[in-house]
Every structure is written in structure tokens, then in C-alpha cells.
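S.K.: Structure supplied as data_5.txt; contents: compact mmCIF, C-alpha atoms.
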# COMPACT_ATOMS: atom_id res chain seq x y z
CA MET I 1 -28.51 -11.48 15.17
CA THR I 2 -30.69 -9.67 17.61
CA ASN I 3 -32.45 -6.46 16.73
CA HIS I 4 -30.38 -3.65 18.25
CA GLY I 5 -31.10 -1.01 15.66
CA PHE I 6 -29.12 -0.67 12.47
CA PHE I 7 -26.83 1.99 13.96
CA LYS I 8 -25.21 -0.65 16.18
CA PHE I 9 -24.10 -2.60 13.12
CA VAL I 10 -22.63 0.37 11.24
CA PRO I 11 -19.28 0.43 13.13
CA ILE I 12 -18.48 -3.25 12.54
CA LEU I 13 -19.57 -3.16 8.89
CA ALA I 14 -17.41 -0.10 8.25
CA ALA I 15 -14.51 -1.74 10.10
CA ALA I 16 -14.84 -4.83 7.90
CA VAL I 17 -14.71 -2.77 4.70
CA LEU I 18 -11.65 -0.81 5.84
CA PHE I 19 -9.78 -3.94 6.92
CA GLY I 20 -10.95 -6.02 3.97
CA VAL I 21 -9.06 -3.94 1.42
CA SER I 22 -5.83 -4.13 3.46
CA ALA I 23 -4.78 -7.62 2.27
CA PRO I 24 -4.55 -6.84 -1.49
CA LEU I 25 -3.07 -3.39 -0.85
CA SER I 26 -0.52 -4.86 1.56
CA LYS I 27 0.30 -7.51 -1.06
CA ILE I 28 1.24 -4.69 -3.47
CA LEU I 29 3.44 -3.01 -0.86
CA LEU I 30 5.13 -6.30 0.09
CA GLY I 31 6.94 -6.29 -3.23
CA GLU I 32 9.38 -3.74 -1.82
CA VAL I 33 9.89 -4.53 1.89
CA SER I 34 9.82 -7.40 4.39
CA GLY I 35 6.70 -8.37 6.27
CA VAL I 36 8.13 -7.16 9.59
CA MET I 37 9.00 -3.72 8.21
CA LEU I 38 5.57 -3.33 6.60
CA ALA I 39 3.84 -4.43 9.82
CA SER I 40 5.74 -1.75 11.73
CA LEU I 41 4.72 0.97 9.27
CA LEU I 42 1.07 -0.11 9.25
CA TYR I 43 0.77 0.03 13.02
CA LEU I 44 2.80 3.21 13.32
CA GLY I 45 0.40 4.74 10.78
CA SER I 46 -2.45 3.61 13.00
CA GLY I 47 -0.97 5.11 16.17
CA ILE I 48 0.39 8.33 14.67
CA GLY I 49 -2.80 9.04 12.73
CA LEU I 50 -4.99 8.56 15.79
CA LEU I 51 -2.59 10.65 17.88
CA PHE I 52 -3.16 13.56 15.49
CA TYR I 53 -6.90 12.88 15.62
CA ARG I 54 -6.86 13.04 19.44
CA GLY I 55 -5.00 16.34 19.22
CA LEU I 56 -7.62 17.80 16.89
CA MET I 57 -10.41 16.63 19.15
CA ALA I 58 -8.70 18.20 22.16
CA GLN I 59 -8.47 21.53 20.33
CA ASN I 60 -12.18 21.36 19.58
CA GLY I 61 -13.02 20.48 23.19
CA SER I 62 -14.38 17.06 22.19
CA THR I 63 -12.31 14.96 24.59
CA GLY I 64 -13.48 13.58 27.92
CA LYS I 65 -16.55 11.82 26.50
CA GLU I 66 -15.03 8.35 26.93
CA ALA I 67 -13.75 6.58 30.05
CA PRO I 68 -9.92 6.66 30.22
CA LEU I 69 -7.78 3.57 30.74
CA LYS I 70 -6.67 2.74 34.30
CA ARG I 71 -3.94 0.57 35.85
CA THR I 72 -6.30 -2.38 36.10
CA ASP I 73 -6.57 -2.36 32.28
CA ILE I 74 -2.82 -2.61 31.59
CA LEU I 75 -2.58 -6.42 31.44
CA TRP I 76 -5.49 -6.70 28.98
CA LEU I 77 -4.03 -3.91 26.85
CA ALA I 78 -0.53 -5.46 26.91
CA GLY I 79 -1.93 -8.81 25.79
CA ALA I 80 -3.83 -7.12 22.96
CA VAL I 81 -0.73 -5.21 21.86
CA PHE I 82 1.45 -8.33 21.69
CA ALA I 83 -1.11 -10.70 20.17
CA GLY I 84 -2.87 -8.35 17.76
CA GLY I 85 -0.26 -5.66 17.22
CA VAL I 86 2.95 -7.67 16.97
CA ALA I 87 2.42 -11.40 16.40
CA ALA I 88 -0.67 -11.26 14.14
CA PRO I 89 0.48 -8.74 11.49
CA ILE I 90 3.94 -10.34 11.22
CA ALA I 91 2.33 -13.77 10.72
CA LEU I 92 -0.15 -12.34 8.19
CA LEU I 93 2.40 -10.48 6.10
CA THR I 94 4.80 -13.45 6.20
CA GLY I 95 2.01 -15.66 4.87
CA LEU I 96 0.97 -13.10 2.26
CA SER I 97 4.41 -13.25 0.65
CA SER I 98 3.68 -16.79 -0.63
CA THR I 99 -0.14 -16.82 -0.80
CA PRO I 100 -2.46 -15.23 -3.38
CA SER I 101 -4.16 -12.28 -1.70
CA SER I 102 -7.62 -13.53 -2.73
CA VAL I 103 -7.00 -16.81 -0.86
CA ALA I 104 -5.41 -14.93 2.03
CA SER I 105 -8.41 -12.62 2.23
CA LEU I 106 -10.82 -15.53 2.49
CA LEU I 107 -8.62 -17.30 5.05
CA LEU I 108 -9.07 -14.26 7.28
CA CYS I 109 -12.61 -15.56 7.91
CA PHE I 110 -10.90 -17.78 10.46
CA GLU I 111 -10.43 -14.73 12.69
CA GLY I 112 -14.15 -14.80 13.45
CA VAL I 113 -13.93 -18.52 14.27
CA SER I 114 -10.97 -17.98 16.57
CA THR I 115 -12.67 -15.04 18.27
CA ALA I 116 -15.88 -17.01 18.87
CA LEU I 117 -14.10 -20.13 20.17
CA ILE I 118 -11.86 -18.18 22.54
CA ALA I 119 -14.85 -16.13 23.71
CA ALA I 120 -16.84 -19.29 24.45
CA LEU I 121 -14.09 -21.48 25.92
CA PHE I 122 -12.14 -18.97 27.98
CA PHE I 123 -14.48 -16.02 28.55
CA LYS I 124 -17.77 -18.00 28.78
CA GLU I 125 -19.59 -15.95 26.14
CA SER I 126 -22.85 -17.48 24.92
CA VAL I 127 -22.35 -19.85 21.95
CA ASP I 128 -25.24 -22.13 20.88
CA GLY I 129 -25.60 -24.95 18.34
CA ARG I 130 -26.26 -22.53 15.48
CA THR I 131 -23.05 -20.67 16.26
CA LEU I 132 -21.08 -23.93 16.45
CA ALA I 133 -22.45 -24.99 13.05
CA ALA I 134 -21.36 -21.66 11.57
CA VAL I 135 -17.93 -22.00 13.16
CA PHE I 136 -17.56 -25.50 11.69
CA LEU I 137 -18.45 -24.32 8.16
CA ILE I 138 -15.98 -21.44 8.29
CA LEU I 139 -13.32 -23.72 9.76
CA LEU I 140 -13.92 -26.30 6.99
CA GLY I 141 -13.54 -23.59 4.36
CA SER I 142 -10.30 -22.46 5.97
CA VAL I 143 -8.93 -26.01 6.00
CA ILE I 144 -9.75 -26.43 2.31
CA LEU I 145 -7.83 -23.27 1.47
CA THR I 146 -4.69 -24.45 3.27
CA PHE I 147 -4.04 -27.21 0.75
CA GLN I 148 -1.88 -26.72 -2.31
CA PRO I 149 -3.71 -27.44 -5.61
CA GLY I 150 -2.83 -30.93 -6.84
CA GLU I 151 -0.96 -31.89 -3.67
CA TRP I 152 -1.88 -33.27 -0.26
CA THR I 153 0.47 -30.87 1.45
CA VAL I 154 -0.38 -27.94 3.64
CA SER I 155 0.66 -24.47 2.49
CA ALA I 156 3.02 -22.85 4.99
CA GLY I 157 1.80 -19.43 3.89
CA ALA I 158 -1.83 -20.36 4.58
CA LEU I 159 -0.94 -21.77 8.00
CA SER I 160 0.87 -18.53 8.82
CA ILE I 161 -2.28 -16.57 7.95
CA LEU I 162 -4.40 -18.88 10.11
CA ALA I 163 -1.96 -18.31 12.98
CA ALA I 164 -2.47 -14.57 12.50
CA CYS I 165 -6.22 -15.14 12.85
CA VAL I 166 -5.71 -16.97 16.16
CA PHE I 167 -3.58 -14.09 17.46
CA TRP I 168 -6.25 -11.60 16.39
CA GLY I 169 -8.89 -13.77 18.06
CA MET I 170 -6.91 -13.47 21.30
CA ASP I 171 -6.55 -9.72 20.73
CA ASN I 172 -10.31 -9.30 20.20
CA ASN I 173 -11.14 -11.07 23.45
CA PHE I 174 -8.50 -9.20 25.46
CA THR I 175 -9.79 -5.90 24.05
CA ARG I 176 -13.39 -6.92 24.76
CA ASN I 177 -12.62 -6.69 28.48
CA ILE I 178 -11.65 -3.02 28.18
CA SER I 179 -13.99 -2.09 25.30
CA TYR I 180 -16.08 0.22 27.51
CA LYS I 181 -12.99 2.46 27.80
CA ASP I 182 -11.90 5.05 25.20
CA PRO I 183 -11.45 3.14 21.90
CA VAL I 184 -9.25 5.84 20.36
CA GLU I 185 -6.91 5.75 23.37
CA ILE I 186 -6.76 1.95 23.24
CA VAL I 187 -5.92 1.78 19.53
CA THR I 188 -3.47 4.71 19.69
CA ILE I 189 -1.44 2.98 22.40
CA LYS I 190 -1.65 -0.34 20.58
CA GLY I 191 -0.50 1.18 17.28
CA LEU I 192 2.44 3.12 18.74
CA CYS I 193 3.67 0.24 20.93
CA ALA I 194 3.24 -2.50 18.33
CA GLY I 195 4.63 -0.39 15.51
CA SER I 196 7.70 0.63 17.51
CA PHE I 197 8.41 -2.95 18.57
CA SER I 198 8.13 -4.25 14.99
CA LEU I 199 10.30 -1.39 13.68
CA ILE I 200 13.06 -2.21 16.17
CA LEU I 201 12.79 -5.89 15.21
CA ALA I 202 12.97 -5.05 11.48
CA LEU I 203 16.10 -2.94 12.02
CA LEU I 204 17.73 -5.68 14.11
CA LEU I 205 17.02 -8.08 11.24
CA GLN I 206 18.74 -5.55 8.95
CA ASN I 207 15.63 -4.98 6.85
CA GLY I 208 16.12 -2.11 4.44
CA ILE I 209 14.35 1.21 5.03
CA PRO I 210 12.02 2.03 2.09
CA GLY I 211 11.64 5.38 0.35
CA VAL I 212 9.56 8.31 1.55
CA PHE I 213 6.63 7.68 -0.83
CA PHE I 214 6.42 4.04 0.28
CA ILE I 215 6.54 5.01 3.96
CA LEU I 216 3.75 7.57 3.52
CA SER I 217 1.62 5.04 1.59
CA ALA I 218 2.04 2.40 4.30
CA LEU I 219 1.31 4.89 7.09
CA LEU I 220 -1.87 6.03 5.33
CA LEU I 221 -3.04 2.44 4.78
CA GLY I 222 -2.26 1.69 8.42
CA PHE I 223 -4.33 4.62 9.66
CA PHE I 224 -7.47 3.54 7.78
CA SER I 225 -7.19 -0.28 7.74
CA TYR I 226 -5.61 -0.82 11.17
CA GLY I 227 -6.33 2.39 13.10
CA LEU I 228 -9.79 3.62 12.17
CA SER I 229 -10.97 0.07 11.48
CA THR I 230 -9.88 -1.12 14.93
CA VAL I 231 -11.50 1.85 16.69
CA LEU I 232 -14.79 0.94 15.02
CA PHE I 233 -14.24 -2.71 15.97
CA VAL I 234 -13.78 -1.77 19.64
CA TYR I 235 -17.09 0.11 19.57
CA SER I 236 -18.68 -3.07 18.22
CA LEU I 237 -17.07 -5.21 20.95
CA ARG I 238 -18.71 -2.88 23.46
CA ASN I 239 -22.17 -3.24 21.89
CA LEU I 240 -22.21 -6.76 20.43
CA GLY I 241 -19.58 -8.81 22.27
CA ALA I 242 -16.54 -10.62 20.87
CA ALA I 243 -18.14 -13.63 19.15
CA ARG I 244 -20.76 -11.67 17.25
CA SER I 245 -18.44 -8.81 16.34
CA GLY I 246 -16.03 -11.39 14.97
CA ALA I 247 -18.87 -12.96 13.00
CA LEU I 248 -19.94 -9.73 11.34
CA PHE I 249 -16.30 -8.90 10.70
CA GLY I 250 -16.40 -12.03 8.54
CA ILE I 251 -17.47 -9.95 5.55
CA ALA I 252 -13.97 -8.39 5.47
CA PRO I 253 -12.36 -11.38 3.70
CA PHE I 254 -14.97 -11.34 0.94
CA ILE I 255 -14.36 -7.65 0.40
CA GLY I 256 -10.63 -8.36 0.30
CA ALA I 257 -11.09 -11.20 -2.19
CA ILE I 258 -13.16 -8.99 -4.51
CA ALA I 259 -10.55 -6.25 -4.23
CA SER I 260 -7.85 -8.80 -5.12
CA PHE I 261 -9.65 -9.77 -8.32
CA LEU I 262 -10.15 -6.11 -9.28
CA LEU I 263 -6.75 -4.71 -8.25
CA LEU I 264 -4.38 -7.63 -8.80
CA HIS I 265 -6.30 -9.43 -11.58
CA GLU I 266 -6.07 -12.75 -9.75
CA GLU I 267 -8.10 -15.74 -10.95
CA PRO I 268 -10.14 -17.74 -8.39
CA ASN I 269 -8.98 -21.39 -8.25
CA ILE I 270 -11.04 -24.50 -7.46
CA LEU I 271 -10.20 -24.34 -3.73
CA PHE I 272 -11.46 -20.76 -3.53
CA ILE I 273 -14.68 -21.65 -5.37
CA THR I 274 -15.24 -24.65 -3.04
CA ALA I 275 -14.53 -22.77 0.18
CA LEU I 276 -16.48 -19.59 -0.65
CA PRO I 277 -20.07 -20.94 -0.25
CA LEU I 278 -19.16 -22.76 2.98
CA MET I 279 -17.83 -19.56 4.50
CA LEU I 280 -20.75 -17.48 3.22
CA ILE I 281 -23.26 -19.86 4.82
CA GLY I 282 -21.29 -19.79 8.07
CA VAL I 283 -21.23 -16.01 8.19
CA TYR I 284 -24.97 -15.86 7.38
CA LEU I 285 -25.83 -18.24 10.24
CA LEU I 286 -24.03 -15.97 12.67
CA VAL I 287 -25.40 -12.70 11.30
CA ALA I 288 -29.00 -13.98 11.33
CA GLU I 289 -28.84 -15.24 14.93
CA LYS I 290 -31.57 -14.19 17.38
CA HIS I 291 -31.00 -14.16 21.14
CA ASP I 292 -33.90 -13.46 23.54
CA HIS I 293 -34.42 -14.91 27.04
CA LEU I 294 -35.04 -14.06 30.68
CA HIS I 295 -31.76 -12.95 32.26
CA THR I 296 -30.47 -11.32 35.42
CA HIS I 297 -28.07 -8.39 35.75
CA ASP I 298 -25.90 -8.65 38.85
CA ASN I 299 -25.00 -5.71 41.05
CA GLY I 300 -21.88 -3.90 39.74
CA GLU I 301 -20.09 -0.61 39.27
CA HIS I 302 -18.24 0.68 36.20
CA GLU I 303 -17.75 3.75 34.01
CA HIS I 304 -18.68 4.21 30.37
CA PRO I 305 -20.76 6.55 28.16
CA HIS I 306 -24.49 5.88 28.68
CA GLN I 307 -28.00 7.32 28.59
CA VAL I 308 -30.93 6.91 30.94
CA ASP I 309 -32.59 3.64 29.86
CA GLU I 310 -33.81 0.36 31.33
CA HIS I 311 -30.23 -0.56 32.31
CA HIS I 312 -29.33 2.89 33.66
CA THR I 313 -32.00 4.06 36.09
CA HIS I 314 -29.71 5.60 38.72
CA GLU I 315 -30.37 9.13 39.94
CA HIS I 316 -28.56 12.18 38.56
CA ASP I 317 -28.01 15.64 39.95
CA ASP I 318 -26.96 17.05 36.57
CA ILE I 319 -29.25 18.73 34.09
CA GLY I 320 -29.12 17.12 30.66
CA CYS I 321 -28.60 13.54 31.88
CA GLU I 322 -31.04 12.40 29.20
CA LYS I 323 -28.16 12.82 26.75
CA THR I 324 -25.15 10.50 26.53
CA HIS I 325 -22.91 11.25 29.52
CA LEU I 326 -20.00 9.75 31.44
CA HIS I 327 -19.50 9.02 35.14
CA PRO I 328 -18.94 6.01 37.44
CA HIS I 329 -22.31 4.43 38.21
CA ILE I 330 -23.78 1.44 40.03
CA HIS I 331 -26.12 -1.15 38.49
CA GLU I 332 -28.74 -2.58 40.79
CA PRO I 333 -29.75 -6.25 40.31
CA LEU I 334 -32.36 -6.55 37.54
CA THR I 335 -34.21 -9.48 35.95
CA HIS I 336 -36.03 -9.01 32.66
CA LYS I 337 -36.39 -10.33 29.11
CA HIS I 338 -35.54 -8.66 25.81
CA SER I 339 -33.43 -9.16 22.69
CA HIS I 340 -29.75 -8.63 23.43
CA ALA I 341 -26.17 -9.44 22.51
CA PRO I 342 -23.19 -10.04 24.86
CA ASP I 343 -22.53 -6.31 25.17
CA THR I 344 -21.10 -4.51 28.22
CA HIS I 345 -24.28 -5.24 30.20
CA HIS I 346 -25.11 -8.74 28.94
CA ARG I 347 -22.20 -11.03 29.75
CA HIS I 348 -24.23 -13.31 31.98
CA ASN I 349 -24.01 -17.10 32.09
CA HIS I 350 -26.30 -19.26 29.93
So that I can check it, write out the structure of this file as C-alpha cells.
M.R.:
Amino acid sequence: MTNHGFFKFVPILAAAVLFGVSAPLSKILLGEVSGVMLASLLYLGSGIGLLFYRGLMAQNGSTGKEAPLKRTDILWLAGAVFAGGVAAPIALLTGLSSTPSSVASLLLCFEGVSTALIAALFFKESVDGRTLAAVFLILLGSVILTFQPGEWTVSAGALSILAACVFWGMDNNFTRNISYKDPVEIVTIKGLCAGSFSLILALLLQNGIPGVFFILSALLLGFFSYGLSTVLFVYSLRNLGAARSGALFGIAPFIGAIASFLLLHEEPNILFITALPLMLIGVYLLVAEKHDHLHTHDNGEHEHPHQVDEHHTHEHDDIGCEKTHLHPHIHEPLTHKHSHAPDTHHRHNH
């Protein structure tokens, strides 16, 4: 990975830790409710928690530092809500009901693969031979984990979890296109819309409503593992791009697997032991990538928080523009060479 300063990696690493523990904790909660009902509570916890957070920030006068969503962002946001907020969690929690959480946690590595492939094939993000090798290793590990021990049959639960990863890969790329907008607003809307949809679906399916303590536990888990984690992930999409954010997010499954062994006392089987080193090598190849070449920035206009730097040399009338500030601004064409990732300003062709 390119050298962007350690602070740029903190959001995605924190997001991975918060999401990584969600699989074993969700496995515990699944003993009492259906996957659809739990998915609704997790995303409602995400949206409601961030709604309260936005209210607190407004009281403290801390709002207005991020670009708000506009009509042109609705289609990307709607796609992210459906793929990542509705389809993915239902597929994941359905698969979890018949899959050990340690295996499920490691299978979630496939989200990074899906994100990278979709980013490269459909959004033309830079993917080189090293990245393809890493994707292949993680994919191979995922395939190994889909097989039932002692049988040449594919586990339906594992396939359901892989489907969730594909949906999240779509979500990550849709969100990438609006990642320079307010992450808290994006995730709040996603959580409230996805959670409400799944709750209505659960009630139509006549899923039972759990007790108050269970609801509060699920809402709290949703706020941290789906709400706060996703906000941090959106910040990373802004700074690192979809493929590389997905790669670094690959540490989440290993955290989840470790949590499964500690919390649920699961024993790693031969498939887990075989797949683990393949996935670790794949994640390392992506994390250690370096990207440095002569590139050109085209003329363009957008709005996002920024400071005066080599990419933001426009004139200001305001005092204090040396600090992070927000306003619509124009980028003049620029050709130069430096280490970079496919962030908001580096989505050029290769």
C-alpha cells in the first residue's frame, strides 16, 4: 500500500475490528430470532444510533463540516441501501444459522475480493497483477471453506455468506461514488431504510418479536458493528478507494474468527487451517502494495472537506483556509508524480 500517513489507515482498521466481532456476537443472538428480524434490528440500531449522534453534534454546533447528499446521489444511495442494507445482512444471517461462526468470519474475506473485482471490472479502478494474485488466493481460501468436511458437496450456508459478500462488494462500490459526501448522513439513511424494510419483511413472514433486552442488545451491536463501522469505512473509501479499502477490511474475518474461538469455544477444522494461510497471504499482498506513477488530473468541480495542498491550489477569500474547510471548488488540469491510492482525486485510467 502506498504511504499516505498512518492516520489514513486508522478508520479502516477500526472499522474492521468493529465489524469483525459482529459475526460471533450475531451467532449468539441468532439463537432466539430469525435472520431477517436480527438484520432489521442491527440496521435500525445503526440508523437510530447515528441519528442521535447527529442530534448531539447539531447541539454542539459541529454540523456543516461535510458535504450533504444531493438528488444526483439518490440512485447510488438506493443501490447501496438495497445491496448492503437489505440483501447482504439477510444472506449473511441466513448462512450463519448453519455455519460455524469461525468459518463464516473467514468467509467474509470474500467481501474484499468482490469489492476489488467489481471496482476493476465495472468502475475501472486500478488493479495490477499483484492485486489479482491476492484476489485469487483469497478466492481459493473461500472456495475451500464452502465444502463440507468429508463430502464433495457445497455448504448452502457458506454459499449464502459468499452471496452476502458479493452484495457488500456492490454496496462498497456504489458508496464509493458518494464517499466525498457526509458519511454519517449516508449511513444514517442506509440504516433507517434498510432496517425498516427488513422489519416489515420479518413481520410479514410472521417472525416473532423478541424481548426488550434482546432488542436493546441487537440495537447496540448494530450501532457499533454496522453504524460506526460503516461510517469509518466510508471515510476510507474517500481516501483509499474501493479495492484497497476492501483489502484492508480483510482483517475483519480474522478478528471474527479469533472472537469465535474465545467466545463460542469453537474448534478450528482442517478446512479452516488450510484456508487461513492462503487468505493471510492474499491480504498481505494487498496491504503491502505500492502505487507511484506519473498521472494527470482532469478539470472538474465537486464539494468535499479539504485543505490547501498540491491538489487544492484555488484561491480563497476566507481567512483560515489553511484549515480543513468545505465549499464547491474547481480542479485545474494537473500532471505530476507521487504515491497515491484511488481516492477522490485519483480515479484516473491506467
S.K.: Using all atoms listed in the file, which of I:Ala15, I:Leu264, I:Glu185, I:Gly35 sits nearest Pro89 (chain I)?
M.R.: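 Ranking I:Ala15, I:Leu264, I:Glu185, I:Gly35 by distance to Pro89 (chain I), first place goes to I:Gly35.
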S.K.: Please compute the CA of Val81 (chain I)-CA of Gly169 (chain I) distance, one decimal, in Å.
M.R.: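 Going from CA of Val81 (chain I) over to CA of Gly169 (chain I) covers 12.4 Å.
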S.K.: Compile the contact shell of Trp76 (chain I) as a VMD selection string: residues with an atom at most 10 Å away, counting only C-alpha atoms, same-chain residues fewer than 2 positions apart removed.
M.R.: chain I and resid 72 to 74 78 to 81 171 173 to 178
S.K.: In Å to one decimal, how far is CA of Leu228 (chain I) from CA of Tyr53 (chain I)?
M.R.: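 These atoms are spaced 10.3 Å apart.
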S.K.: Find the distance between CA of Ile161 (chain I) and CA of Leu93 (chain I) and write it in Å to one decimal.
M.R.: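 Distance between the two atoms: 7.9 Å.
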S.K.: Using the file's own x, y and z axes, so that the box edges lie along x, y and z, what centre and edge lengths in Å (one decimal) does a box around every listed atom of region 22-38 of chain I get when 3 Å is added on each side? Give it as lines of an AutoDock Vina configuration file.
M.R.:
center_x = 2.0
center_y = -5.7
center_z = 3.1
size_x = 21.7
size_y = 11.4
size_z = 19.1
S.K.: May I ask which of the residues I:Val33, I:Leu162, I:Val143, I:Ile28 is the closest one to Ala91 (chain I), counting all atoms listed in the file?
M.R.: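 Comparing I:Val33, I:Leu162, I:Val143, I:Ile28 against Ala91 (chain I), the winner is I:Leu162.
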S.K.: Tell me which protein, DNA and RNA residues are within 6 Å of Ala88 (chain I), counting only C-alpha atoms, leaving out same-chain ones fewer than 2 positions away, and put them as a VMD selection string.
M.R.: chain I and resid 84 86 90 to 91 164 167
S.K.: Nearest residue to Leu216 (chain I) out of I:Val17, I:Leu29, I:Met170, I:Ala23, using only C-alpha atoms?
M.R.: I:Leu29
S.K.: Generate a file for region 168-185 of chain I, containing N, CA, C and O atoms, as a PDB file, in the first residue's frame.
M.R.:
ATOM      1  N   TRP I 168     -22.265  -6.957  -0.515  1.00  0.00           N
ATOM      2  CA  TRP I 168     -21.498  -5.901   0.151  1.00  0.00           C
ATOM      3  C   TRP I 168     -20.451  -5.300  -0.782  1.00  0.00           C
ATOM      4  O   TRP I 168     -20.125  -4.122  -0.691  1.00  0.00           O
ATOM      5  N   GLY I 169     -19.903  -6.136  -1.689  1.00  0.00           N
ATOM      6  CA  GLY I 169     -18.973  -5.602  -2.684  1.00  0.00           C
ATOM      7  C   GLY I 169     -19.650  -4.588  -3.589  1.00  0.00           C
ATOM      8  O   GLY I 169     -19.067  -3.554  -3.935  1.00  0.00           O
ATOM      9  N   MET I 170     -20.908  -4.871  -3.972  1.00  0.00           N
ATOM     10  CA  MET I 170     -21.687  -3.917  -4.759  1.00  0.00           C
ATOM     11  C   MET I 170     -21.932  -2.644  -3.943  1.00  0.00           C
ATOM     12  O   MET I 170     -21.772  -1.519  -4.443  1.00  0.00           O
ATOM     13  N   ASP I 171     -22.332  -2.836  -2.693  1.00  0.00           N
ATOM     14  CA  ASP I 171     -22.588  -1.710  -1.792  1.00  0.00           C
ATOM     15  C   ASP I 171     -21.353  -0.810  -1.676  1.00  0.00           C
ATOM     16  O   ASP I 171     -21.445   0.420  -1.769  1.00  0.00           O
ATOM     17  N   ASN I 172     -20.179  -1.414  -1.473  1.00  0.00           N
ATOM     18  CA  ASN I 172     -18.953  -0.637  -1.306  1.00  0.00           C
ATOM     19  C   ASN I 172     -18.651   0.214  -2.526  1.00  0.00           C
ATOM     20  O   ASN I 172     -18.209   1.367  -2.411  1.00  0.00           O
ATOM     21  N   ASN I 173     -18.890  -0.336  -3.711  1.00  0.00           N
ATOM     22  CA  ASN I 173     -18.607   0.416  -4.933  1.00  0.00           C
ATOM     23  C   ASN I 173     -19.658   1.489  -5.207  1.00  0.00           C
ATOM     24  O   ASN I 173     -19.332   2.569  -5.704  1.00  0.00           O
ATOM     25  N   PHE I 174     -20.913   1.209  -4.877  1.00  0.00           N
ATOM     26  CA  PHE I 174     -21.938   2.243  -5.006  1.00  0.00           C
ATOM     27  C   PHE I 174     -21.624   3.395  -4.054  1.00  0.00           C
ATOM     28  O   PHE I 174     -21.700   4.573  -4.422  1.00  0.00           O
ATOM     29  N   THR I 175     -21.273   3.050  -2.813  1.00  0.00           N
ATOM     30  CA  THR I 175     -20.993   4.077  -1.804  1.00  0.00           C
ATOM     31  C   THR I 175     -19.730   4.848  -2.149  1.00  0.00           C
ATOM     32  O   THR I 175     -19.614   6.039  -1.832  1.00  0.00           O
ATOM     33  N   ARG I 176     -18.772   4.199  -2.790  1.00  0.00           N
ATOM     34  CA  ARG I 176     -17.533   4.868  -3.199  1.00  0.00           C
ATOM     35  C   ARG I 176     -17.827   6.112  -4.020  1.00  0.00           C
ATOM     36  O   ARG I 176     -17.136   7.128  -3.906  1.00  0.00           O
ATOM     37  N   ASN I 177     -18.879   6.055  -4.847  1.00  0.00           N
ATOM     38  CA  ASN I 177     -19.186   7.167  -5.739  1.00  0.00           C
ATOM     39  C   ASN I 177     -19.816   8.361  -5.023  1.00  0.00           C
ATOM     40  O   ASN I 177     -19.956   9.425  -5.636  1.00  0.00           O
ATOM     41  N   ILE I 178     -20.201   8.187  -3.769  1.00  0.00           N
ATOM     42  CA  ILE I 178     -20.722   9.313  -2.991  1.00  0.00           C
ATOM     43  C   ILE I 178     -19.937   9.459  -1.684  1.00  0.00           C
ATOM     44  O   ILE I 178     -20.393  10.127  -0.757  1.00  0.00           O
ATOM     45  N   SER I 179     -18.744   8.863  -1.611  1.00  0.00           N
ATOM     46  CA  SER I 179     -17.984   8.836  -0.362  1.00  0.00           C
ATOM     47  C   SER I 179     -17.440  10.200   0.042  1.00  0.00           C
ATOM     48  O   SER I 179     -17.035  10.381   1.187  1.00  0.00           O
ATOM     49  N   TYR I 180     -17.408  11.166  -0.885  1.00  0.00           N
ATOM     50  CA  TYR I 180     -16.939  12.503  -0.525  1.00  0.00           C
ATOM     51  C   TYR I 180     -18.051  13.323   0.127  1.00  0.00           C
ATOM     52  O   TYR I 180     -17.837  14.460   0.539  1.00  0.00           O
ATOM     53  N   LYS I 181     -19.268  12.735   0.215  1.00  0.00           N
ATOM     54  CA  LYS I 181     -20.370  13.369   0.926  1.00  0.00           C
ATOM     55  C   LYS I 181     -20.342  12.935   2.397  1.00  0.00           C
ATOM     56  O   LYS I 181     -19.519  12.122   2.806  1.00  0.00           O
ATOM     57  N   ASP I 182     -21.265  13.468   3.204  1.00  0.00           N
ATOM     58  CA  ASP I 182     -21.278  13.240   4.644  1.00  0.00           C
ATOM     59  C   ASP I 182     -21.475  11.755   4.975  1.00  0.00           C
ATOM     60  O   ASP I 182     -22.566  11.216   4.761  1.00  0.00           O
ATOM     61  N   PRO I 183     -20.446  11.070   5.502  1.00  0.00           N
ATOM     62  CA  PRO I 183     -20.572   9.646   5.807  1.00  0.00           C
ATOM     63  C   PRO I 183     -21.651   9.334   6.839  1.00  0.00           C
ATOM     64  O   PRO I 183     -22.339   8.315   6.739  1.00  0.00           O
ATOM     65  N   VAL I 184     -21.795  10.193   7.849  1.00  0.00           N
ATOM     66  CA  VAL I 184     -22.814   9.944   8.874  1.00  0.00           C
ATOM     67  C   VAL I 184     -24.215  10.025   8.267  1.00  0.00           C
ATOM     68  O   VAL I 184     -25.088   9.202   8.577  1.00  0.00           O
ATOM     69  N   GLU I 185     -24.434  10.986   7.381  1.00  0.00           N
ATOM     70  CA  GLU I 185     -25.737  11.097   6.712  1.00  0.00           C
ATOM     71  C   GLU I 185     -25.998   9.874   5.845  1.00  0.00           C
ATOM     72  O   GLU I 185     -27.111   9.317   5.849  1.00  0.00           O
TER      73      GLU I 185
END
